[in-house]
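Undergrad: Below you will find the structure I want to go over with you.
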Amino acid sequence: MVPASPLTMADVSNNNGALSAAQLRGIDVVMAKATEGTAFSDDQYEANRALARQVGARFGAYCFARPSQPVHETFNHFHGIAKLSPGDVYAVDIEVSDGLPAREVAQWGTEFALLGYGAFRARPWVYSDRDFIAAGNLAGLGNCPLWIAAPGPAGYIEVPGWRTTTARQWGIAGGIDRSAVFLTLRGLSGVSIPGRRAAEIRQARRDLRAAARDVQAGLQLLRRFGGGR
């Protein structure tokens, strides 16, 4: 069910320059540009993340997609710069094709989403506009949360091929792109990064498998020597 009073989300990047806490106070979610393609890093990203924490907003990071550049390198660059914490959200902005056909752009986006789920155990939000989606550039991503660029009133809209619209970027307020998020903060599915205990459990399982192999090898030796007498 769409809440009567959507959350407010701000999309921030180096294009906004240095922001102040006062400009973000009252914002529920701050989505900050982290990277673009395989090499560009937003020089305001760390400052914008710190401001989001300071004002108590839910934080998210996004990658601006360049589908002509390798998806694995793009994701690895984003992962290294974003440094997401458990509960953060993340997004991939797919709004240019770099001259590629729609099926290749869609394949790029699907691979990014798979890499993201593997790393964070959460699907990425996908940002785009209706014309780009209608052209088939995001085919196969309909189960991801959709962040749609649709100027106008901040109300909820349906987009063919998508299970749900999570957020709608409706316009600019106070010099910052604003979106309406049609979920509660509790409903936002954040990243879940395996912690130390999970790593310890994985290591223990490896140790147990190795011990089991040693036991099997020992039994084989005993059977061999026993059969030789």
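Identifiers in this document derive from the order of the structure tokens: chains are assigned A, B, ..., residues are numbered from 1 separately in each chain, and ligands are numbered from 1 in order of occurrence.
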Would you list the contacts of Gln44 (chain A) as a list of chain:residue names, taking every protein, DNA or RNA residue within 9 Å and counting only C-alpha atoms, but skipping same-chain residues closer than 6 positions in sequence?
TA: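 My reading of the contact set: A:Val12, A:Ser13, A:Asn14, A:Asn15, A:Asn16, A:Gly17, A:Ala18, A:Leu19, A:Ala32, A:Lys33, A:Ala34.
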Undergrad: Could you please write out, as a ChimeraX atom specification, every residue of region 11-160 of chain A that DSSP assigns to alpha helix (DSSP H)?
TA: /A:21-24,45-55,71-82,102-120,130-134
Undergrad: Based on the selection just made, write N, CA and C atoms of those residues as a compact mmCIF listing (two decimals), in the first residue's frame.
TA:
# COMPACT_ATOMS: atom_id res chain seq x y z
N ALA A 21 24.33 21.00 6.29
CA ALA A 21 23.34 20.20 7.01
C ALA A 21 21.96 20.84 6.94
N ALA A 22 21.93 22.17 6.94
CA ALA A 22 20.65 22.88 6.90
C ALA A 22 19.89 22.56 5.61
N GLN A 23 20.61 22.35 4.51
CA GLN A 23 19.95 22.06 3.23
C GLN A 23 19.33 20.66 3.21
N LEU A 24 19.85 19.76 4.02
CA LEU A 24 19.34 18.38 4.03
C LEU A 24 18.48 18.06 5.25
N TYR A 45 31.15 12.86 -2.53
CA TYR A 45 30.45 11.69 -1.99
C TYR A 45 30.65 11.54 -0.48
N GLU A 46 31.87 11.55 -0.02
CA GLU A 46 32.13 11.35 1.41
C GLU A 46 31.47 12.42 2.25
N ALA A 47 31.54 13.67 1.79
CA ALA A 47 30.92 14.78 2.53
C ALA A 47 29.41 14.62 2.57
N ASN A 48 28.82 14.19 1.44
CA ASN A 48 27.37 14.02 1.40
C ASN A 48 26.91 12.87 2.29
N ARG A 49 27.71 11.81 2.36
CA ARG A 49 27.36 10.71 3.26
C ARG A 49 27.42 11.18 4.72
N ALA A 50 28.46 11.94 5.06
CA ALA A 50 28.59 12.44 6.43
C ALA A 50 27.41 13.33 6.80
N LEU A 51 26.96 14.17 5.86
CA LEU A 51 25.82 15.04 6.13
C LEU A 51 24.54 14.22 6.33
N ALA A 52 24.38 13.18 5.53
CA ALA A 52 23.20 12.34 5.69
C ALA A 52 23.16 11.72 7.08
N ARG A 53 24.31 11.21 7.54
CA ARG A 53 24.36 10.64 8.88
C ARG A 53 24.07 11.72 9.94
N GLN A 54 24.61 12.90 9.70
CA GLN A 54 24.46 13.99 10.67
C GLN A 54 23.00 14.39 10.87
N VAL A 55 22.23 14.43 9.76
CA VAL A 55 20.83 14.87 9.87
C VAL A 55 19.89 13.70 10.14
N VAL A 71 31.00 -4.08 -17.22
CA VAL A 71 30.13 -4.04 -16.05
C VAL A 71 30.85 -4.49 -14.79
N HIS A 72 31.72 -5.50 -14.88
CA HIS A 72 32.43 -5.96 -13.68
C HIS A 72 33.36 -4.87 -13.15
N GLU A 73 34.06 -4.19 -14.04
CA GLU A 73 34.94 -3.11 -13.60
C GLU A 73 34.13 -1.95 -13.02
N THR A 74 32.98 -1.68 -13.64
CA THR A 74 32.10 -0.61 -13.13
C THR A 74 31.63 -0.93 -11.73
N PHE A 75 31.16 -2.17 -11.53
CA PHE A 75 30.66 -2.53 -10.20
C PHE A 75 31.77 -2.54 -9.17
N ASN A 76 32.93 -3.08 -9.52
CA ASN A 76 34.04 -3.11 -8.56
C ASN A 76 34.46 -1.71 -8.16
N HIS A 77 34.46 -0.79 -9.11
CA HIS A 77 34.80 0.60 -8.81
C HIS A 77 33.77 1.20 -7.84
N PHE A 78 32.49 0.96 -8.14
CA PHE A 78 31.42 1.45 -7.27
C PHE A 78 31.53 0.85 -5.87
N HIS A 79 31.73 -0.44 -5.80
CA HIS A 79 31.82 -1.13 -4.51
C HIS A 79 32.95 -0.54 -3.67
N GLY A 80 34.09 -0.28 -4.30
CA GLY A 80 35.23 0.23 -3.56
C GLY A 80 35.06 1.65 -3.07
N ILE A 81 34.33 2.46 -3.84
CA ILE A 81 34.13 3.86 -3.45
C ILE A 81 32.94 4.01 -2.50
N ALA A 82 31.86 3.28 -2.76
CA ALA A 82 30.63 3.47 -1.97
C ALA A 82 30.81 3.07 -0.52
N ALA A 102 19.41 -1.73 -27.33
CA ALA A 102 18.69 -1.89 -26.06
C ALA A 102 18.99 -3.22 -25.39
N ARG A 103 19.10 -4.31 -26.16
CA ARG A 103 19.32 -5.62 -25.55
C ARG A 103 20.66 -5.68 -24.82
N GLU A 104 21.68 -4.97 -25.35
CA GLU A 104 22.99 -4.97 -24.68
C GLU A 104 22.96 -4.10 -23.43
N VAL A 105 22.24 -2.99 -23.48
CA VAL A 105 22.08 -2.15 -22.29
C VAL A 105 21.36 -2.94 -21.20
N ALA A 106 20.30 -3.66 -21.60
CA ALA A 106 19.54 -4.45 -20.64
C ALA A 106 20.40 -5.56 -20.03
N GLN A 107 21.22 -6.20 -20.85
CA GLN A 107 22.10 -7.24 -20.33
C GLN A 107 23.10 -6.66 -19.34
N TRP A 108 23.63 -5.49 -19.66
CA TRP A 108 24.57 -4.80 -18.76
C TRP A 108 23.88 -4.55 -17.40
N GLY A 109 22.65 -4.03 -17.45
CA GLY A 109 21.94 -3.74 -16.21
C GLY A 109 21.65 -4.98 -15.40
N THR A 110 21.29 -6.08 -16.08
CA THR A 110 21.02 -7.33 -15.38
C THR A 110 22.27 -7.84 -14.69
N GLU A 111 23.41 -7.77 -15.37
CA GLU A 111 24.66 -8.23 -14.77
C GLU A 111 25.04 -7.36 -13.57
N PHE A 112 24.83 -6.05 -13.66
CA PHE A 112 25.11 -5.17 -12.52
C PHE A 112 24.25 -5.57 -11.34
N ALA A 113 22.96 -5.83 -11.59
CA ALA A 113 22.05 -6.21 -10.51
C ALA A 113 22.48 -7.52 -9.86
N LEU A 114 22.92 -8.48 -10.67
CA LEU A 114 23.38 -9.76 -10.12
C LEU A 114 24.63 -9.58 -9.27
N LEU A 115 25.55 -8.77 -9.75
CA LEU A 115 26.76 -8.49 -8.98
C LEU A 115 26.40 -7.81 -7.66
N GLY A 116 25.46 -6.86 -7.73
CA GLY A 116 25.05 -6.16 -6.53
C GLY A 116 24.39 -7.08 -5.52
N TYR A 117 23.53 -7.97 -6.01
CA TYR A 117 22.87 -8.89 -5.08
C TYR A 117 23.89 -9.83 -4.45
N GLY A 118 24.86 -10.27 -5.24
CA GLY A 118 25.88 -11.14 -4.69
C GLY A 118 26.70 -10.48 -3.61
N ALA A 119 26.95 -9.18 -3.76
CA ALA A 119 27.78 -8.46 -2.78
C ALA A 119 26.98 -7.99 -1.57
N PHE A 120 25.73 -7.57 -1.78
CA PHE A 120 24.98 -6.90 -0.72
C PHE A 120 23.72 -7.63 -0.26
N ARG A 130 10.68 6.96 -18.32
CA ARG A 130 9.72 6.08 -18.98
C ARG A 130 10.08 5.80 -20.44
N ASP A 131 10.58 6.79 -21.17
CA ASP A 131 10.92 6.57 -22.57
C ASP A 131 12.07 5.57 -22.70
N PHE A 132 13.07 5.68 -21.84
CA PHE A 132 14.21 4.78 -21.89
C PHE A 132 13.78 3.36 -21.55
N ILE A 133 12.87 3.25 -20.58
CA ILE A 133 12.35 1.93 -20.20
C ILE A 133 11.52 1.35 -21.34
N ALA A 134 10.66 2.18 -21.94
CA ALA A 134 9.77 1.70 -23.01
C ALA A 134 10.56 1.21 -24.22
Undergrad: Skipping near chain neighbours, those fewer than 4 positions away, what residues fall within 9 Å of Trp162 (chain A) using only C-alpha atoms, listed as a PyMOL selection string?
TA: chain A and resi 141-146+158
Undergrad: Compare A:Asp129, A:Asp11, A:Asp88, A:Asp93 by their minimum atom-to-atom distance to Val30 (chain A), counting only C-alpha atoms, and give me the closest one.
TA: A:Asp11
Undergrad: Taking the backbone alone, and naming residues the way the document does, which bits of chain A are strand (DSSP E or B) by DSSP, as an MDAnalysis selection string?
TA: chainID A and resid 7:12 29:36 40:41 58:64 89:93 125:129 146:149 165:173 176:181
Undergrad: Take the selection from the previous step and output its residues with N, CA and C atoms, as a compact mmCIF listing (two decimals), in the first residue's frame.
TA:
# COMPACT_ATOMS: atom_id res chain seq x y z
N LEU A 7 7.83 9.52 1.81
CA LEU A 7 9.09 10.05 2.31
C LEU A 7 9.69 10.99 1.28
N THR A 8 10.55 11.88 1.74
CA THR A 8 11.24 12.81 0.86
C THR A 8 12.68 12.35 0.66
N MET A 9 13.11 12.26 -0.60
CA MET A 9 14.47 11.84 -0.89
C MET A 9 15.17 12.92 -1.71
N ALA A 10 16.44 13.17 -1.39
CA ALA A 10 17.26 14.12 -2.13
C ALA A 10 18.32 13.36 -2.91
N ASP A 11 18.51 13.74 -4.18
CA ASP A 11 19.55 13.18 -5.04
C ASP A 11 20.67 14.21 -5.08
N VAL A 12 21.84 13.86 -4.52
CA VAL A 12 22.93 14.84 -4.42
C VAL A 12 24.19 14.31 -5.10
N VAL A 29 15.58 10.48 3.12
CA VAL A 29 16.56 9.63 2.45
C VAL A 29 17.48 10.50 1.62
N VAL A 30 18.78 10.28 1.72
CA VAL A 30 19.76 10.97 0.89
C VAL A 30 20.41 9.94 -0.02
N MET A 31 20.25 10.12 -1.34
CA MET A 31 20.88 9.24 -2.31
C MET A 31 22.00 10.03 -2.99
N ALA A 32 23.24 9.60 -2.78
CA ALA A 32 24.40 10.36 -3.25
C ALA A 32 25.11 9.64 -4.38
N LYS A 33 25.50 10.39 -5.39
CA LYS A 33 26.29 9.81 -6.47
C LYS A 33 27.66 9.44 -5.93
N ALA A 34 28.08 8.20 -6.21
CA ALA A 34 29.40 7.75 -5.79
C ALA A 34 30.36 7.66 -6.96
N THR A 35 29.89 7.06 -8.05
CA THR A 35 30.78 6.82 -9.18
C THR A 35 30.04 6.96 -10.49
N GLU A 36 30.82 7.02 -11.57
CA GLU A 36 30.29 6.97 -12.93
C GLU A 36 31.25 6.12 -13.75
N PHE A 40 35.42 7.33 -12.79
CA PHE A 40 35.04 8.60 -12.15
C PHE A 40 34.51 8.37 -10.73
N SER A 41 35.01 9.16 -9.79
CA SER A 41 34.52 9.15 -8.41
C SER A 41 34.05 10.55 -8.06
N ARG A 58 18.21 8.28 6.10
CA ARG A 58 18.65 6.99 5.54
C ARG A 58 19.57 7.30 4.37
N PHE A 59 20.66 6.54 4.22
CA PHE A 59 21.64 6.87 3.19
C PHE A 59 21.66 5.84 2.08
N GLY A 60 21.89 6.34 0.88
CA GLY A 60 22.06 5.47 -0.28
C GLY A 60 23.12 6.03 -1.21
N ALA A 61 23.71 5.15 -2.01
CA ALA A 61 24.73 5.55 -2.98
C ALA A 61 24.32 5.03 -4.35
N TYR A 62 24.69 5.78 -5.40
CA TYR A 62 24.37 5.28 -6.73
C TYR A 62 25.54 5.41 -7.69
N CYS A 63 25.48 4.55 -8.69
CA CYS A 63 26.45 4.52 -9.77
C CYS A 63 25.75 4.99 -11.04
N PHE A 64 26.34 5.96 -11.73
CA PHE A 64 25.83 6.37 -13.05
C PHE A 64 26.41 5.42 -14.08
N VAL A 89 21.00 1.82 1.26
CA VAL A 89 20.43 1.38 -0.01
C VAL A 89 21.39 1.78 -1.12
N TYR A 90 21.22 1.18 -2.28
CA TYR A 90 22.09 1.55 -3.40
C TYR A 90 21.31 1.49 -4.70
N ALA A 91 21.81 2.18 -5.71
CA ALA A 91 21.09 2.28 -6.97
C ALA A 91 22.06 2.34 -8.13
N VAL A 92 21.55 1.97 -9.30
CA VAL A 92 22.28 2.17 -10.55
C VAL A 92 21.41 3.04 -11.45
N ASP A 93 21.99 4.12 -11.95
CA ASP A 93 21.31 5.09 -12.80
C ASP A 93 21.59 4.71 -14.26
N TRP A 125 18.22 -0.37 -6.47
CA TRP A 125 17.22 0.48 -7.09
C TRP A 125 17.72 0.77 -8.50
N VAL A 126 16.80 0.91 -9.44
CA VAL A 126 17.17 1.26 -10.81
C VAL A 126 16.51 2.57 -11.17
N TYR A 127 17.34 3.56 -11.52
CA TYR A 127 16.85 4.89 -11.89
C TYR A 127 16.82 5.00 -13.41
N SER A 128 15.71 5.50 -13.94
CA SER A 128 15.62 5.76 -15.37
C SER A 128 14.37 6.58 -15.63
N ASP A 129 14.03 6.75 -16.93
CA ASP A 129 12.80 7.46 -17.27
C ASP A 129 11.93 6.57 -18.15
N LEU A 146 12.10 0.40 -8.52
CA LEU A 146 12.19 1.40 -9.59
C LEU A 146 12.18 2.81 -9.03
N TRP A 147 13.16 3.59 -9.44
CA TRP A 147 13.25 5.02 -9.12
C TRP A 147 13.08 5.75 -10.44
N ILE A 148 11.89 6.25 -10.67
CA ILE A 148 11.53 6.78 -11.98
C ILE A 148 11.65 8.30 -12.03
N ALA A 149 12.24 8.80 -13.10
CA ALA A 149 12.29 10.24 -13.34
C ALA A 149 11.01 10.62 -14.07
N THR A 165 6.71 0.77 -8.18
CA THR A 165 7.49 2.00 -8.25
C THR A 165 7.87 2.37 -6.83
N THR A 166 9.15 2.32 -6.52
CA THR A 166 9.60 2.63 -5.16
C THR A 166 9.69 4.14 -4.94
N ALA A 167 10.17 4.86 -5.94
CA ALA A 167 10.37 6.30 -5.79
C ALA A 167 10.13 7.01 -7.11
N ARG A 168 9.68 8.26 -7.02
CA ARG A 168 9.46 9.09 -8.21
C ARG A 168 10.19 10.41 -8.04
N GLN A 169 11.14 10.66 -8.93
CA GLN A 169 11.82 11.97 -8.92
C GLN A 169 10.92 12.95 -9.66
N TRP A 170 10.37 13.88 -8.90
CA TRP A 170 9.32 14.72 -9.45
C TRP A 170 9.78 16.14 -9.81
N GLY A 171 10.89 16.63 -9.23
CA GLY A 171 11.31 17.99 -9.54
C GLY A 171 12.43 18.46 -8.64
N ILE A 172 12.65 19.75 -8.64
CA ILE A 172 13.74 20.36 -7.87
C ILE A 172 13.15 21.28 -6.80
N ALA A 173 13.69 21.18 -5.60
CA ALA A 173 13.30 22.07 -4.51
C ALA A 173 14.56 22.47 -3.75
N ILE A 176 17.92 21.19 -5.20
CA ILE A 176 18.28 19.78 -5.13
C ILE A 176 17.15 18.94 -5.73
N ASP A 177 17.51 17.95 -6.56
CA ASP A 177 16.50 17.05 -7.12
C ASP A 177 15.81 16.30 -5.99
N ARG A 178 14.49 16.30 -6.03
CA ARG A 178 13.71 15.65 -4.98
C ARG A 178 12.88 14.50 -5.54
N SER A 179 12.73 13.49 -4.72
CA SER A 179 11.89 12.34 -5.07
C SER A 179 10.94 12.05 -3.93
N ALA A 180 9.82 11.46 -4.28
CA ALA A 180 8.88 10.93 -3.29
C ALA A 180 9.11 9.42 -3.21
N VAL A 181 9.32 8.90 -2.00
CA VAL A 181 9.56 7.47 -1.79
C VAL A 181 8.30 6.86 -1.19
Undergrad: Let me make sure I understand: among A:Thr184, A:Asn137, A:Ser189, A:Thr38, which one has the smallest atom-to-atom distance to Pro86 (chain A) if we use only C-alpha atoms?
TA: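 Smallest distance to Pro86 (chain A) is found for A:Ser189.
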Undergrad: Please report the interatomic distance between CA of Ala139 (chain A) and CA of Arg121 (chain A) in Å with one decimal.
TA: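 For CA of Ala139 (chain A) relative to CA of Arg121 (chain A), the distance reads 21.1 Å.
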